[in-house]
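See below for the structure under consideration.
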Amino acid sequence: ILAGTALLVTLPSAFVSAKAVTAFHKPSLGINIGTTERLNLPRKPTTAATSGSTSTRAAFAALASLAVAGVSHCSRRSIVARRLRLAGKEIPRNKHIAWALMCSIFGVGRFFCQKICADCGIDPQKRTCDLTEEEELRLAEEIGKYVLENPLRRMYKANCAHLLDIKHRRGLRLKAGLPVRWQRSNNTNARTARKLNPWRL
């Protein structure tokens, strides 16, 4: 953008039309302008001036369009690419803060994200890119009070392993890949449990 601006500033002095150059040209023979017709002297073509001015206008238009496209691209990229880091995760800045927390941080659900926003005094429908620095600090302080992400995953896995160590019914059914909350398992209902439960130990 800076290079395009510099070119826009220097182009008027660099591109001088041929019309301005030929305006100062005087015949060296000392005859008047009217005598050129009587002596049948060749006239200089005027197409060079038109083509020079047209090329100058085209160059200006191309540089202006490039500058506008660069500015719009940079502004759009700043909105989308700017992010906030909370609990070791990158929070997308072009979404509502409640939805961004729920989608990004393990352990934050629909109710919990609303509770965090209420405790911090932040509108849940406010986009993350519109948060002030003070609101971001309050949000980071509030989230730091809870067990989330990898510590929560380790705690969850340790609880499941403890159920298996004490030979609890839930631990045995987790190992067998069966539902643990008294669901029916003689049909296809246990398909998800067969895929997920063995990996939870």
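Every chain in the structure tokens takes a letter, A first, then B, and so on in the order presented; its residues are numbered from 1, and the ligands are numbered from 1 following the presented order.
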
- Message: Which residues are close to Asn197 of chain A, i.e. within 8 Å by only C-alpha atoms, leaving aside same-chain residues fewer than 3 positions away? Reply as a PyMOL selection string.
- Response: chain A and resi 174-179+193-194+200-201

- Query: So which residues touch segment 109-126 of chain A within 6 Å, counting only C-alpha atoms, skipping near sequence neighbours fewer than 3 positions away, as a PyMOL selection string?
  - Reply: chain A and resi 96-98+102

Please write the residues from the selection above to a file, keeping N, CA, C and O atoms, as an mmCIF file, in the first residue's frame.
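The file below, out_32.cif, is the result:
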data_model
loop_
_atom_site.group_PDB
_atom_site.id
_atom_site.type_symbol
_atom_site.label_atom_id
_atom_site.label_comp_id
_atom_site.auth_asym_id
_atom_site.auth_seq_id
_atom_site.Cartn_x
_atom_site.Cartn_y
_atom_site.Cartn_z
ATOM 1 N N HIS A 96 -19.488 -14.993 18.316
ATOM 2 C CA HIS A 96 -19.974 -14.525 19.602
ATOM 3 C C HIS A 96 -19.158 -15.186 20.715
ATOM 4 O O HIS A 96 -18.792 -16.365 20.622
ATOM 5 N N ILE A 97 -18.927 -14.442 21.779
ATOM 6 C CA ILE A 97 -17.997 -14.915 22.801
ATOM 7 C C ILE A 97 -18.498 -16.181 23.477
ATOM 8 O O ILE A 97 -17.725 -17.089 23.764
ATOM 9 N N ALA A 98 -19.818 -16.276 23.738
ATOM 10 C CA ALA A 98 -20.336 -17.481 24.386
ATOM 11 C C ALA A 98 -20.162 -18.701 23.486
ATOM 12 O O ALA A 98 -19.725 -19.766 23.936
ATOM 13 N N MET A 102 -17.659 -22.074 24.031
ATOM 14 C CA MET A 102 -18.217 -23.423 24.041
ATOM 15 C C MET A 102 -17.562 -24.304 22.979
ATOM 16 O O MET A 102 -17.341 -25.505 23.199
#

- Message: Please determine, counting only C-alpha atoms, which residue among A:Ala190, A:Val180, A:Leu66, A:Leu84 has the shortest atom-to-atom distance to Arg127 of chain A.
- Response: A:Leu84

- Any idea what's packed within 12 Å of Trp182 of chain A, counting only C-alpha atoms, ignoring anything in its chain fewer than 6 positions away? Could you give it as a PyMOL selection string? chain A and resi 169-170+173+189-190

Only all heavy atoms, please: the residues just picked out, written as a PDB file, in the first residue's frame.
ATOM      1  N   ARG A 169     -19.496 -51.887  38.518  1.00  0.00           N
ATOM      2  CA  ARG A 169     -20.260 -52.265  37.335  1.00  0.00           C
ATOM      3  C   ARG A 169     -20.022 -51.287  36.191  1.00  0.00           C
ATOM      4  O   ARG A 169     -19.879 -51.708  35.027  1.00  0.00           O
ATOM      5  CB  ARG A 169     -21.751 -52.299  37.698  1.00  0.00           C
ATOM      6  CG  ARG A 169     -22.665 -52.653  36.516  1.00  0.00           C
ATOM      7  CD  ARG A 169     -24.110 -52.374  36.866  1.00  0.00           C
ATOM      8  NE  ARG A 169     -24.292 -50.972  37.197  1.00  0.00           N
ATOM      9  CZ  ARG A 169     -24.491 -50.020  36.279  1.00  0.00           C
ATOM     10  NH1 ARG A 169     -24.512 -50.324  35.002  1.00  0.00           N
ATOM     11  NH2 ARG A 169     -24.658 -48.783  36.668  1.00  0.00           N
ATOM     12  N   ARG A 170     -19.964 -50.000  36.477  1.00  0.00           N
ATOM     13  CA  ARG A 170     -19.745 -49.016  35.416  1.00  0.00           C
ATOM     14  C   ARG A 170     -18.367 -49.182  34.784  1.00  0.00           C
ATOM     15  O   ARG A 170     -18.213 -49.068  33.560  1.00  0.00           O
ATOM     16  CB  ARG A 170     -19.898 -47.606  35.988  1.00  0.00           C
ATOM     17  CG  ARG A 170     -21.345 -47.254  36.318  1.00  0.00           C
ATOM     18  CD  ARG A 170     -21.419 -45.987  37.166  1.00  0.00           C
ATOM     19  NE  ARG A 170     -20.755 -44.871  36.488  1.00  0.00           N
ATOM     20  CZ  ARG A 170     -20.453 -43.734  37.093  1.00  0.00           C
ATOM     21  NH1 ARG A 170     -20.728 -43.572  38.392  1.00  0.00           N
ATOM     22  NH2 ARG A 170     -19.876 -42.776  36.429  1.00  0.00           N
ATOM     23  N   ARG A 173     -18.431 -52.302  32.497  1.00  0.00           N
ATOM     24  CA  ARG A 173     -19.165 -52.043  31.253  1.00  0.00           C
ATOM     25  C   ARG A 173     -18.410 -51.067  30.340  1.00  0.00           C
ATOM     26  O   ARG A 173     -18.519 -51.151  29.117  1.00  0.00           O
ATOM     27  CB  ARG A 173     -20.559 -51.531  31.563  1.00  0.00           C
ATOM     28  CG  ARG A 173     -21.456 -52.626  32.166  1.00  0.00           C
ATOM     29  CD  ARG A 173     -22.844 -52.105  32.457  1.00  0.00           C
ATOM     30  NE  ARG A 173     -23.618 -51.872  31.250  1.00  0.00           N
ATOM     31  CZ  ARG A 173     -24.304 -52.817  30.602  1.00  0.00           C
ATOM     32  NH1 ARG A 173     -24.287 -54.084  31.036  1.00  0.00           N
ATOM     33  NH2 ARG A 173     -24.986 -52.521  29.528  1.00  0.00           N
ATOM     34  N   ASN A 189     -28.486 -49.630  19.835  1.00  0.00           N
ATOM     35  CA  ASN A 189     -28.304 -48.455  20.679  1.00  0.00           C
ATOM     36  C   ASN A 189     -26.893 -48.359  21.243  1.00  0.00           C
ATOM     37  O   ASN A 189     -26.420 -47.270  21.549  1.00  0.00           O
ATOM     38  CB  ASN A 189     -29.309 -48.482  21.825  1.00  0.00           C
ATOM     39  CG  ASN A 189     -29.218 -47.265  22.713  1.00  0.00           C
ATOM     40  OD1 ASN A 189     -29.343 -46.156  22.231  1.00  0.00           O
ATOM     41  ND2 ASN A 189     -28.996 -47.476  23.990  1.00  0.00           N
ATOM     42  N   ALA A 190     -26.197 -49.486  21.394  1.00  0.00           N
ATOM     43  CA  ALA A 190     -24.878 -49.510  22.029  1.00  0.00           C
ATOM     44  C   ALA A 190     -23.750 -49.270  21.040  1.00  0.00           C
ATOM     45  O   ALA A 190     -22.587 -49.470  21.383  1.00  0.00           O
ATOM     46  CB  ALA A 190     -24.666 -50.843  22.732  1.00  0.00           C
TER      47      ALA A 190
END
